[in-house]
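Written below as structure tokens is the structure these notes are about.
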Amino acid sequence: MSFKHSVHRISWVPIIACIAAGLFMIALFFIVGFHVFFEKMPLFLIECGLAGLFIYFGLFLWYQRLKKQPIHYNDEWITVDGDGHRIYWNEIESVQFSNVGGMKTTTIVPKKQCYKILKQRMERHNLQKVYAFYWFYLERPKQLHDQIIQQWYHAHNNNTNHQLK
């Protein structure tokens with residue numbers, strides 16, 4: 001079984017939703033009128049703060065979509081962060097799905113005996129114990145999860161171990 005090089009970026013849905021929510025709050029400010037908000041200054045400050053946070057988060061996600069590397073994988077490895085760090089399939093202990101409070105994630109757990117190798121390869125002092133892909137942020141998250149699971153099972157069942165570097 002061979003998979004093509006698959007790429008999954010941050011989805012446009014949370015970007016557009018956050019920016020739209022922030023702009024809606026600003027529009028609400030103009031529609032309701034200045035005098036209503038200025039009479040209740042705490043309400044005005046809270047609304048401006050929330051609008052700013054929504055717009056900032058939407059622009060931040062857009063920046064991440066443009067500048068950071070997407071999640072991609074092939075027959076040998078998968079990238080686990082936006083900096084392009086790779087984990088080979090034989091270095092993965094498990095791939096898990098979790099749904100906690102409605103936030104679905106695909107979690108990759110590296111093998112404990114590979115921590116030292118991963119730490120050197122990723123040039124990090126503190127290595128993450130797990131790598132989570134939050135479905136809310138990704139394009140085609142179910143497809144990504146299914147393909148990661150299939151690729152991981154395929155790699156482990158066929159004992160196609162990549163030489164650890």
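Naming works like this for the structure tokens: A, B, ... for the chains as they're shown, residue 1 at the start of each chain, ligands 1 onward in shown order.
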Query raised in the report: Which residues come within 8 Å of stretch 9-17 of chain A, counting only C-alpha atoms, excluding same-chain residues fewer than 2 positions away, as a list in words?
Result: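 Near stretch 9-17 of chain A, the qualifying residues are Val7, Ile19, Ala20, Ala21, Phe57, Gly58, Leu59, Leu61, Trp62, Gln64, Arg65, Gln69, Pro70, Ile71, Phe136, Tyr137, Leu138 and Glu139 of chain A.
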Pick out the residues sitting within 9 Å of A:Met103, and hand them over as a PDB file with C-alpha atoms, in the first residue's frame; count only C-alpha atoms, and ignore anything fewer than 2 positions along from it in its own chain.
ATOM      1  CA  SER A  98      -9.861  11.598  21.259  1.00  0.00           C
ATOM      2  CA  ASN A  99     -13.007  13.650  21.629  1.00  0.00           C
ATOM      3  CA  VAL A 100     -12.917  15.659  24.841  1.00  0.00           C
ATOM      4  CA  GLY A 101     -15.563  18.313  25.262  1.00  0.00           C
ATOM      5  CA  THR A 105      -7.913  15.441  18.056  1.00  0.00           C
ATOM      6  CA  TYR A 134      -6.811  19.512  16.456  1.00  0.00           C
ATOM      7  CA  TRP A 135      -9.559  18.769  13.949  1.00  0.00           C
ATOM      8  CA  PHE A 136     -11.081  22.240  14.304  1.00  0.00           C
TER       9      PHE A 136
END
Find the residues near A:Glu123: any atom within 12 Å, counting only C-alpha atoms, skip ones fewer than 6 places away on the same chain, and give them as a compact mmCIF listing (two decimals) with all heavy atoms, in the first residue's frame.
# COMPACT_ATOMS: atom_id res chain seq x y z
N ASP A 83 7.02 23.56 11.85
CA ASP A 83 8.43 23.79 11.50
C ASP A 83 9.01 22.69 10.63
O ASP A 83 10.18 22.72 10.28
CB ASP A 83 9.26 23.94 12.78
CG ASP A 83 8.85 25.15 13.59
OD1 ASP A 83 8.47 26.17 12.98
OD2 ASP A 83 8.88 25.07 14.83
N HIS A 85 9.32 19.39 11.39
CA HIS A 85 9.98 18.28 12.08
C HIS A 85 9.26 16.98 11.78
O HIS A 85 8.03 16.92 11.80
CB HIS A 85 10.01 18.54 13.59
CG HIS A 85 10.88 19.69 13.95
ND1 HIS A 85 10.41 20.78 14.62
CD2 HIS A 85 12.20 19.92 13.73
CE1 HIS A 85 11.39 21.63 14.82
NE2 HIS A 85 12.48 21.15 14.27
N ARG A 86 10.05 15.96 11.51
CA ARG A 86 9.51 14.67 11.08
C ARG A 86 9.65 13.61 12.16
O ARG A 86 10.61 13.60 12.92
CB ARG A 86 10.26 14.17 9.85
CG ARG A 86 10.14 15.06 8.67
CD ARG A 86 11.00 14.55 7.55
NE ARG A 86 10.87 15.42 6.40
CZ ARG A 86 11.56 15.27 5.29
NH1 ARG A 86 12.42 14.29 5.17
NH2 ARG A 86 11.37 16.09 4.29
N TYR A 115 13.00 9.03 22.16
CA TYR A 115 13.02 10.42 22.60
C TYR A 115 14.37 11.09 22.36
O TYR A 115 14.46 12.22 21.91
CB TYR A 115 12.65 10.54 24.07
CG TYR A 115 11.17 10.42 24.36
CD1 TYR A 115 10.71 10.24 25.64
CD2 TYR A 115 10.22 10.49 23.34
CE1 TYR A 115 9.35 10.11 25.92
CE2 TYR A 115 8.87 10.37 23.61
CZ TYR A 115 8.45 10.19 24.89
OH TYR A 115 7.11 10.08 25.15
N LYS A 116 15.44 10.38 22.68
CA LYS A 116 16.78 10.97 22.53
C LYS A 116 17.08 11.26 21.06
O LYS A 116 17.60 12.32 20.73
CB LYS A 116 17.82 10.02 23.12
CG LYS A 116 19.20 10.61 23.18
CD LYS A 116 20.16 9.68 23.90
CE LYS A 116 21.52 10.30 23.98
NZ LYS A 116 22.47 9.44 24.68
N ILE A 117 16.72 10.36 20.19
CA ILE A 117 16.94 10.55 18.75
C ILE A 117 16.10 11.71 18.23
O ILE A 117 16.59 12.55 17.48
CB ILE A 117 16.60 9.25 17.99
CG1 ILE A 117 17.58 8.15 18.40
CG2 ILE A 117 16.63 9.46 16.49
CD1 ILE A 117 17.17 6.77 17.98
Requested in this report: One decimal, Å: what's the distance from atom CA of A:Gly49 over to atom CA of A:Phe30, could you say?
Outcome: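 If I compute the distance from atom CA of A:Gly49 to atom CA of A:Phe30, I get 15.5 Å.
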What lies within 6 Å of A:Tyr88 using only C-alpha atoms, ignoring chain neighbours under 3 positions off, as a PDB file with C-alpha atoms, in the first residue's frame?
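Wrote part-v6.pdb, looks like this:
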ATOM      1  CA  GLU A  76       8.391   6.919   5.623  1.00  0.00           C
ATOM      2  CA  TRP A  77       7.486   9.856   7.889  1.00  0.00           C
ATOM      3  CA  GLU A  91       9.268   5.756  15.904  1.00  0.00           C
TER       4      GLU A  91
END
Query raised in the report: Which is closest to A:Tyr73 among A:Asn157, A:Gln151, A:Gln120, A:Thr107, if we use only C-alpha atoms?
Result: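 When distances to A:Tyr73 are compared using only C-alpha atoms, the smallest one comes from A:Gln151.
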Query - Selected residue of minimal separation from A:Phe60 among A:Cys18, A:Lys111, A:Ile92, A:Gln150, counting only C-alpha atoms - result: A:Cys18
Query raised in the report: Where in stretch 19-114 of chain A does DSSP assign strand (DSSP E), given as a VMD selection string?
Result: chain A and resid 71 to 73 77 to 79 86 to 88 92 to 100 103 to 110
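Restricting the calculation to only C-alpha atoms, the smallest distance between A:Leu23 and any of A:Val80, A:Leu127, A:Ile148, A:Ala51 is found for A:Ala51.
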**Report entry** Which of stretch 59-111 of chain A DSSP labels alpha helix (DSSP H), written as a ChimeraX atom specification
**Finding:** /A:59-67
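The space between atom CA of A:Tyr131 and atom CA of A:His156 spans 18.9 Å.
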